[in-house]
Amino acid sequence: MSSSSLLDKCCLISPSVSGDPTHFMIQRTFEAEGLDWRFVSFEVAPERLAEALRGADALGFRGVKLLDPYRQAAAAMAAEGSLGPIGLSERAAQTGFVTGFSRPSLDAPLSGDDLSGPALVETLAPLGPLRGKRVALLGASGPAASLAVSLVESGVAELLVADPDNEAATQFVERITAGAAGETAVSPIDWQGAWLELPDGLDMVVASACWPRHEDGRVAKAVAAELNERMVVADLRVGSSRSPLLRAAAERGATGVEGLQVLVRESALSLQAWTGQPINPTVLSEAAEEFLGV
């Protein structure tokens, strides 16, 4: 996508941007790529979210990045038509989750897309094909639908979904199987209080990190004994230190995938959608690590 002016703008919209590396990562990448773009952050109250998104569209912003918990709220607003001309990609409409917005063309309104699942798949690609793998997905809200849809599209043989709320896991499976195409077997796992028994022969555990951060230790403890050296364990939690789940995975010889890696891939996909050119994720990764002090 060619630039229409000397200065192009994208923005981050969140209830709070404190402690999040996104702004630092993206502005650093604009500079490294020699792009005369600016990335600005706005802290927006929940009741002003629709107004902020319509304003970003009216002001000609080329892209918008959202942080939780606005990703589901924005998708619902776009689906019901309360954002005016702002629409959703087919993927975002299916998952009910929006990581950000971009313009298909300079004269088009913003359109929301969901890049969490594609970012996870790209991050996992160097570890080998997903086709035929047996995967457990922890959590049935937040980005879970995006992750599930992308894993199914990648041809995993089995997707097992676990959530502390077993009814939520069952409803989530019904939702995914209703819209999924392919031969993936999707089913819930019963989560019994403080213990989660994973089936034998599992290849991968993906934690959606859709629960509050203070629950990370409890989730890790619930599955720690089930992890082994044959598994890949991916945790979408982003922080300045390794998550409790990934520490447990390392203790048992499993291959860990950090949430920061997935965030870098998601940001690279967003930048590519905004600018129309491929983005080297190295600068994003280095900037995120500098910001977080890791």
# chains A, B, ... in the order shown; residues from 1 in each chain; ligands from 1
$ select_by_dssp --residues "segment 71-179 of chain A" --states "alpha helix (DSSP H)" --output "VMD selection string"
chain A and resid 71 to 80 90 to 95 116 to 124 144 to 153 166 to 179
$ select_by_dssp --residues "segment 177-231 of chain A" --states "strand (DSSP E)" --output "list in words"
Ala185, Val186, Ser187, Pro188, Met204, Val205, Val206 and Ala207 of chain A
$ residues_around --residues "segment 213-221 of chain A" --least-positions-apart "2" --cutoff "6 Å" --atoms "only C-alpha atoms" --output "list in words"
Val223, Ala224, Pro244 and Leu245 of chain A
$ atom_distance --atom1 "atom CA of Gln171 of chain A" --atom2 "atom CA of Glu183 of chain A"
19.4 Å
$ residues_around --residues "segment 254-259 of chain A" --least-positions-apart "3" --cutoff "10 Å" --atoms "only C-alpha atoms" --output "PyMOL selection string"
chain A and resi 120+123-124+127+204-209+227-239+241-243+245-251+262-264
$ closest_atom_pairs --of "segment 86-137 of chain A" --to "segment 47-71 of chain A" --cutoff "7 Å" --atoms "only C-alpha atoms" --output "JSON lines"
{"residue": "A:Phe97", "atom": "CA", "partner": "A:Arg71", "partner_atom": "CA", "distance": 5.5}
{"residue": "A:Val98", "atom": "CA", "partner": "A:Arg71", "partner_atom": "CA", "distance": 4.8}
{"residue": "A:Thr99", "atom": "CA", "partner": "A:Leu66", "partner_atom": "CA", "distance": 5.5}
{"residue": "A:Gly100", "atom": "CA", "partner": "A:Lys65", "partner_atom": "CA", "distance": 4.2}
{"residue": "A:Phe101", "atom": "CA", "partner": "A:Val64", "partner_atom": "CA", "distance": 4.9}
{"residue": "A:Ser102", "atom": "CA", "partner": "A:Gly63", "partner_atom": "CA", "distance": 4.4}
{"residue": "A:Arg103", "atom": "CA", "partner": "A:Arg62", "partner_atom": "CA", "distance": 6.1}
{"residue": "A:Pro109", "atom": "CA", "partner": "A:Asp57", "partner_atom": "CA", "distance": 6.4}
{"residue": "A:Leu110", "atom": "CA", "partner": "A:Asp57", "partner_atom": "CA", "distance": 6.0}
$ write_last_selection --atoms "all heavy atoms" --output "JSON list (two decimals), in the first residue's frame"
[["chain", "number", "residue", "atom", "x", "y", "z"],
["A", 97, "PHE", "N", -13.66, -11.86, 17.74],
["A", 97, "PHE", "CA", -12.46, -11.32, 18.38],
["A", 97, "PHE", "C", -11.72, -10.47, 17.36],
["A", 97, "PHE", "O", -11.59, -10.86, 16.20],
["A", 97, "PHE", "CB", -11.58, -12.49, 18.84],
["A", 97, "PHE", "CG", -10.52, -12.14, 19.86],
["A", 97, "PHE", "CD1", -10.86, -11.89, 21.17],
["A", 97, "PHE", "CD2", -9.18, -12.11, 19.50],
["A", 97, "PHE", "CE1", -9.89, -11.60, 22.12],
["A", 97, "PHE", "CE2", -8.20, -11.83, 20.44],
["A", 97, "PHE", "CZ", -8.56, -11.58, 21.75],
["A", 98, "VAL", "N", -11.28, -9.29, 17.76],
["A", 98, "VAL", "CA", -10.58, -8.38, 16.85],
["A", 98, "VAL", "C", -9.28, -7.92, 17.50],
["A", 98, "VAL", "O", -9.31, -7.33, 18.58],
["A", 98, "VAL", "CB", -11.46, -7.14, 16.51],
["A", 98, "VAL", "CG1", -10.64, -6.10, 15.77],
["A", 98, "VAL", "CG2", -12.66, -7.53, 15.68],
["A", 99, "THR", "N", -8.17, -8.19, 16.86],
["A", 99, "THR", "CA", -6.89, -7.70, 17.38],
["A", 99, "THR", "C", -6.61, -6.28, 16.90],
["A", 99, "THR", "O", -5.82, -5.55, 17.52],
["A", 99, "THR", "CB", -5.73, -8.61, 16.95],
["A", 99, "THR", "OG1", -5.76, -8.77, 15.53],
["A", 99, "THR", "CG2", -5.86, -9.97, 17.62],
["A", 100, "GLY", "N", -7.23, -5.87, 15.79],
["A", 100, "GLY", "CA", -7.02, -4.52, 15.29],
["A", 100, "GLY", "C", -7.77, -4.29, 13.99],
["A", 100, "GLY", "O", -8.49, -5.16, 13.50],
["A", 101, "PHE", "N", -7.57, -3.09, 13.42],
["A", 101, "PHE", "CA", -8.27, -2.68, 12.21],
["A", 101, "PHE", "C", -7.25, -2.15, 11.20],
["A", 101, "PHE", "O", -6.22, -1.59, 11.57],
["A", 101, "PHE", "CB", -9.28, -1.57, 12.52],
["A", 101, "PHE", "CG", -10.40, -1.99, 13.43],
["A", 101, "PHE", "CD1", -10.21, -2.02, 14.81],
["A", 101, "PHE", "CD2", -11.63, -2.37, 12.93],
["A", 101, "PHE", "CE1", -11.24, -2.41, 15.66],
["A", 101, "PHE", "CE2", -12.66, -2.76, 13.77],
["A", 101, "PHE", "CZ", -12.46, -2.78, 15.13],
["A", 102, "SER", "N", -7.56, -2.32, 9.94],
["A", 102, "SER", "CA", -6.75, -1.75, 8.86],
["A", 102, "SER", "C", -7.69, -1.36, 7.72],
["A", 102, "SER", "O", -8.88, -1.69, 7.74],
["A", 102, "SER", "CB", -5.70, -2.75, 8.37],
["A", 102, "SER", "OG", -6.32, -3.93, 7.86],
["A", 103, "ARG", "N", -7.13, -0.67, 6.73],
["A", 103, "ARG", "CA", -7.93, -0.25, 5.56],
["A", 103, "ARG", "C", -7.56, -1.11, 4.36],
["A", 103, "ARG", "O", -6.40, -1.13, 3.95],
["A", 103, "ARG", "CB", -7.66, 1.22, 5.24],
["A", 103, "ARG", "CG", -8.13, 2.17, 6.32],
["A", 103, "ARG", "CD", -7.99, 3.63, 5.89],
["A", 103, "ARG", "NE", -8.25, 4.52, 7.01],
["A", 103, "ARG", "CZ", -9.46, 4.90, 7.40],
["A", 103, "ARG", "NH1", -10.52, 4.47, 6.73],
["A", 103, "ARG", "NH2", -9.62, 5.70, 8.44],
["A", 109, "PRO", "N", -13.28, 2.21, 4.46],
["A", 109, "PRO", "CA", -13.31, 2.35, 5.93],
["A", 109, "PRO", "C", -12.44, 1.28, 6.58],
["A", 109, "PRO", "O", -12.04, 0.30, 5.95],
["A", 109, "PRO", "CB", -14.79, 2.14, 6.27],
["A", 109, "PRO", "CG", -15.32, 1.30, 5.14],
["A", 109, "PRO", "CD", -14.56, 1.73, 3.92],
["A", 110, "LEU", "N", -12.17, 1.46, 7.85],
["A", 110, "LEU", "CA", -11.42, 0.46, 8.60],
["A", 110, "LEU", "C", -12.19, -0.86, 8.65],
["A", 110, "LEU", "O", -13.43, -0.87, 8.65],
["A", 110, "LEU", "CB", -11.18, 0.95, 10.03],
["A", 110, "LEU", "CG", -10.20, 2.11, 10.21],
["A", 110, "LEU", "CD1", -10.28, 2.65, 11.64],
["A", 110, "LEU", "CD2", -8.77, 1.69, 9.88]]
